[in-house]
Amino acid sequence: MNAPADLRLSGVCLRLHGRVLVEGLDASVAPGQCLTLMGPSGCGKSTLLAYLSGTLAPVFEASGSVCLGGSDITGLAPERRGVGILFQDDLLFPHMSVGANLAFALPAEVRPRAARQAQVDAALAEAGLPGLARRDPATLSGGQRARVALMRTLLARPRVLLLDEPFNKLDSQLRNDFRAFVFDHARERALPVLLVTHDEQDAQAAGGPRIVLGAA
């Protein structure tokens, strides 16, 4: 398991065609803490997550640094940043079984095959889904798919977790359950978390500080 790391943003600026989305943002997130990003649609919340993960589209202008555990990751390729992200959609691969979806995320150094299978089985058990490795993702419920998506992200051993409104498509009870599931797992792994949401209950459940982007 990775050593706990804090996330620090320094002077982050984001622009689109000259329009300022984020200006001079400084923030820090401790291991196990969640920083919530709120604000109206189009204010740059998801764009900021793309900048942190290294997937920002070239049409945007960006500056400022992103440090994780004291190391500047701003110029690194996405796969070298140690950033995990969950979206509104679970993005499970439809042509792969549940187990193959999970195994896809495992680092290449996890060998042999038996060791990889053991980690997949452990992840399913942790998600309350033991024995479902051979299932087609399409046969799972929305809540089950969401849990598989989180476990797939965590199997990649990220050092920071980004949440881009991953609770939005779940009904009220599933939303509460999955929200608790995500935050509990992040705290157990001492991951700094950035949550993008419009929902006040999401922000309250996150329990940490918040930044409102696009505010006057």
# chains A, B, ... in the order shown; residues from 1 in each chain; ligands from 1

$ select_by_dssp --residues "segment 146-180 of chain A" --states "alpha helix (DSSP H)" --output "JSON list (two decimals) with N, CA and C atoms, in the first residue's frame"
[["chain", "number", "residue", "atom", "x", "y", "z"],
["A", 146, "ALA", "N", -21.68, 0.38, -9.21],
["A", 146, "ALA", "CA", -20.96, 1.50, -8.61],
["A", 146, "ALA", "C", -19.86, 1.00, -7.68],
["A", 147, "ARG", "N", -20.17, -0.02, -6.88],
["A", 147, "ARG", "CA", -19.16, -0.57, -5.96],
["A", 147, "ARG", "C", -18.02, -1.24, -6.72],
["A", 148, "VAL", "N", -18.34, -1.94, -7.80],
["A", 148, "VAL", "CA", -17.29, -2.55, -8.62],
["A", 148, "VAL", "C", -16.40, -1.45, -9.21],
["A", 149, "ALA", "N", -17.01, -0.36, -9.67],
["A", 149, "ALA", "CA", -16.22, 0.74, -10.24],
["A", 149, "ALA", "C", -15.27, 1.32, -9.21],
["A", 150, "LEU", "N", -15.73, 1.49, -7.97],
["A", 150, "LEU", "CA", -14.83, 2.00, -6.94],
["A", 150, "LEU", "C", -13.70, 1.02, -6.66],
["A", 151, "MET", "N", -14.01, -0.27, -6.52],
["A", 151, "MET", "CA", -12.97, -1.24, -6.22],
["A", 151, "MET", "C", -11.96, -1.32, -7.36],
["A", 152, "ARG", "N", -12.42, -1.17, -8.60],
["A", 152, "ARG", "CA", -11.49, -1.16, -9.74],
["A", 152, "ARG", "C", -10.54, 0.03, -9.62],
["A", 153, "THR", "N", -11.07, 1.17, -9.25],
["A", 153, "THR", "CA", -10.22, 2.35, -9.07],
["A", 153, "THR", "C", -9.21, 2.13, -7.96],
["A", 154, "LEU", "N", -9.63, 1.54, -6.86],
["A", 154, "LEU", "CA", -8.73, 1.35, -5.72],
["A", 154, "LEU", "C", -7.68, 0.27, -5.98],
["A", 155, "LEU", "N", -8.02, -0.72, -6.81],
["A", 155, "LEU", "CA", -7.04, -1.77, -7.12],
["A", 155, "LEU", "C", -5.84, -1.21, -7.88],
["A", 172, "SER", "N", -32.14, 7.66, -3.82],
["A", 172, "SER", "CA", -31.79, 8.23, -2.52],
["A", 172, "SER", "C", -31.09, 7.25, -1.59],
["A", 173, "GLN", "N", -31.66, 6.04, -1.41],
["A", 173, "GLN", "CA", -31.06, 5.08, -0.47],
["A", 173, "GLN", "C", -29.73, 4.56, -0.98],
["A", 174, "LEU", "N", -29.68, 4.22, -2.27],
["A", 174, "LEU", "CA", -28.42, 3.75, -2.84],
["A", 174, "LEU", "C", -27.36, 4.84, -2.76],
["A", 175, "ARG", "N", -27.77, 6.08, -2.98],
["A", 175, "ARG", "CA", -26.84, 7.21, -2.92],
["A", 175, "ARG", "C", -26.22, 7.31, -1.53],
["A", 176, "ASN", "N", -27.06, 7.21, -0.49],
["A", 176, "ASN", "CA", -26.55, 7.28, 0.88],
["A", 176, "ASN", "C", -25.59, 6.14, 1.17],
["A", 177, "ASP", "N", -25.96, 4.94, 0.75],
["A", 177, "ASP", "CA", -25.13, 3.75, 1.02],
["A", 177, "ASP", "C", -23.80, 3.83, 0.28],
["A", 178, "PHE", "N", -23.86, 4.19, -1.00],
["A", 178, "PHE", "CA", -22.63, 4.22, -1.79],
["A", 178, "PHE", "C", -21.73, 5.36, -1.35],
["A", 179, "ARG", "N", -22.32, 6.48, -0.99],
["A", 179, "ARG", "CA", -21.55, 7.61, -0.50],
["A", 179, "ARG", "C", -20.74, 7.20, 0.74],
["A", 180, "ALA", "N", -21.40, 6.54, 1.68],
["A", 180, "ALA", "CA", -20.71, 6.07, 2.88],
["A", 180, "ALA", "C", -19.63, 5.05, 2.52]]

$ residues_around --residues "Ala206 of chain A" --least-positions-apart "3" --cutoff "9 Å" --atoms "only C-alpha atoms" --output "list in words"
Gln33, Cys34, Leu35, Thr36, Arg179, Ala180, Phe183, Leu195, Gln201, Asp202, Ala203 and Pro209 of chain A

$ residues_around --residues "Ala103 of chain A" --least-positions-apart "4" --cutoff "9 Å" --atoms "only C-alpha atoms" --output "PyMOL selection string"
chain A and resi 98-99+107+116-117+119-120+152+155

$ write_last_selection --atoms "N, CA and C atoms" --output "compact mmCIF listing (two decimals), in the first residue's frame"
# COMPACT_ATOMS: atom_id res chain seq x y z
N VAL A 98 -17.03 -9.10 -14.70
CA VAL A 98 -16.77 -8.28 -13.52
C VAL A 98 -15.34 -8.49 -13.04
N GLY A 99 -14.91 -9.75 -12.97
CA GLY A 99 -13.55 -10.04 -12.52
C GLY A 99 -12.50 -9.48 -13.44
N PRO A 107 -1.83 -3.36 -10.99
CA PRO A 107 -0.50 -3.07 -11.53
C PRO A 107 0.13 -4.31 -12.15
N ARG A 116 -3.18 -12.33 -8.76
CA ARG A 116 -4.11 -11.36 -9.31
C ARG A 116 -5.55 -11.77 -9.00
N GLN A 117 -5.84 -13.06 -9.15
CA GLN A 117 -7.18 -13.54 -8.87
C GLN A 117 -7.52 -13.37 -7.40
N GLN A 119 -6.49 -11.00 -5.42
CA GLN A 119 -6.82 -9.60 -5.16
C GLN A 119 -8.20 -9.25 -5.71
N VAL A 120 -8.56 -9.81 -6.86
CA VAL A 120 -9.89 -9.59 -7.41
C VAL A 120 -10.95 -10.16 -6.46
N ARG A 152 -12.42 -1.17 -8.60
CA ARG A 152 -11.49 -1.16 -9.74
C ARG A 152 -10.54 0.03 -9.62
N LEU A 155 -8.02 -0.72 -6.81
CA LEU A 155 -7.04 -1.77 -7.12
C LEU A 155 -5.84 -1.21 -7.88

$ closest_residue --among "A:Gly44, A:Pro78, A:Ser53, A:Ala138" --to "His95 of chain A" --atoms "only C-alpha atoms"
A:Ala138

$ closest_residue --among "A:Gly142, A:Val29, A:Gly214, A:Ala205" --to "Val182 of chain A" --atoms "only C-alpha atoms"
A:Ala205

$ atom_distance --atom1 "atom CA of Glu188 of chain A" --atom2 "atom CA of Gly84 of chain A"
15.4 Å

$ select_by_dssp --residues "segment 7-201 of chain A" --states "strand (DSSP E or B)" --output "PyMOL selection string"
chain A and resi 7-16+19-29+34-38+60-68+71-72+83-86+160-164+193-196

$ write_last_selection --atoms "C-alpha atoms" --output "mmCIF file, in the first residue's frame"
data_model
loop_
_atom_site.group_PDB
_atom_site.id
_atom_site.type_symbol
_atom_site.label_atom_id
_atom_site.label_comp_id
_atom_site.auth_asym_id
_atom_site.auth_seq_id
_atom_site.Cartn_x
_atom_site.Cartn_y
_atom_site.Cartn_z
ATOM 1 C CA LEU A 7 -2.424 16.929 -2.059
ATOM 2 C CA ARG A 8 -1.472 20.582 -2.606
ATOM 3 C CA LEU A 9 -2.612 22.952 -5.340
ATOM 4 C CA SER A 10 -0.662 26.162 -5.800
ATOM 5 C CA GLY A 11 -1.737 29.058 -8.013
ATOM 6 C CA VAL A 12 -3.893 26.929 -10.299
ATOM 7 C CA CYS A 13 -5.438 28.960 -13.131
ATOM 8 C CA LEU A 14 -7.714 27.596 -15.851
ATOM 9 C CA ARG A 15 -9.025 29.493 -18.866
ATOM 10 C CA LEU A 16 -11.102 28.633 -21.902
ATOM 11 C CA ARG A 19 -12.537 33.234 -20.142
ATOM 12 C CA VAL A 20 -11.305 32.634 -16.603
ATOM 13 C CA LEU A 21 -12.710 29.472 -15.012
ATOM 14 C CA VAL A 22 -10.374 29.144 -12.030
ATOM 15 C CA GLU A 23 -8.040 31.910 -10.879
ATOM 16 C CA GLY A 24 -5.089 31.470 -8.506
ATOM 17 C CA LEU A 25 -6.500 28.509 -6.591
ATOM 18 C CA ASP A 26 -4.492 27.403 -3.567
ATOM 19 C CA ALA A 27 -5.713 24.386 -1.600
ATOM 20 C CA SER A 28 -4.426 21.472 0.419
ATOM 21 C CA VAL A 29 -6.060 18.151 1.256
ATOM 22 C CA CYS A 34 -12.199 15.310 1.523
ATOM 23 C CA LEU A 35 -12.278 18.754 -0.082
ATOM 24 C CA THR A 36 -15.614 19.501 -1.767
ATOM 25 C CA LEU A 37 -15.786 21.665 -4.894
ATOM 26 C CA MET A 38 -19.152 23.306 -5.517
ATOM 27 C CA PHE A 60 -7.851 24.926 -22.152
ATOM 28 C CA GLU A 61 -5.054 27.161 -20.886
ATOM 29 C CA ALA A 62 -3.688 26.032 -17.531
ATOM 30 C CA SER A 63 -0.985 27.010 -15.063
ATOM 31 C CA GLY A 64 -0.092 26.314 -11.459
ATOM 32 C CA SER A 65 1.298 23.274 -9.720
ATOM 33 C CA VAL A 66 -0.115 20.054 -8.321
ATOM 34 C CA CYS A 67 1.954 18.302 -5.647
ATOM 35 C CA LEU A 68 1.239 14.903 -4.155
ATOM 36 C CA SER A 71 6.351 15.660 -5.351
ATOM 37 C CA ASP A 72 5.282 17.898 -8.235
ATOM 38 C CA VAL A 83 -4.636 9.674 -9.417
ATOM 39 C CA GLY A 84 -7.853 7.637 -9.302
ATOM 40 C CA ILE A 85 -11.166 9.051 -10.475
ATOM 41 C CA LEU A 86 -14.840 8.075 -10.351
ATOM 42 C CA VAL A 160 -5.453 10.534 -4.389
ATOM 43 C CA LEU A 161 -9.126 10.003 -5.273
ATOM 44 C CA LEU A 162 -11.168 12.388 -7.439
ATOM 45 C CA LEU A 163 -14.958 12.126 -7.402
ATOM 46 C CA ASP A 164 -16.807 13.758 -10.301
ATOM 47 C CA VAL A 193 -10.217 13.190 -1.858
ATOM 48 C CA LEU A 194 -11.621 15.936 -4.084
ATOM 49 C CA LEU A 195 -15.388 15.772 -4.548
ATOM 50 C CA VAL A 196 -17.270 17.693 -7.238
#

$ atom_distance --atom1 "atom CA of Asn101 of chain A" --atom2 "atom CA of Pro137 of chain A"
8.8 Å

$ closest_residue --among "A:Ser41, A:Thr55, A:Asn2, A:Ser141" --to "Leu191 of chain A" --atoms "only C-alpha atoms"
A:Asn2

$ closest_residue --among "A:Leu49, A:Leu213, A:Ala133, A:Ala156" --to "Asp121 of chain A" --atoms "only C-alpha atoms"
A:Ala133
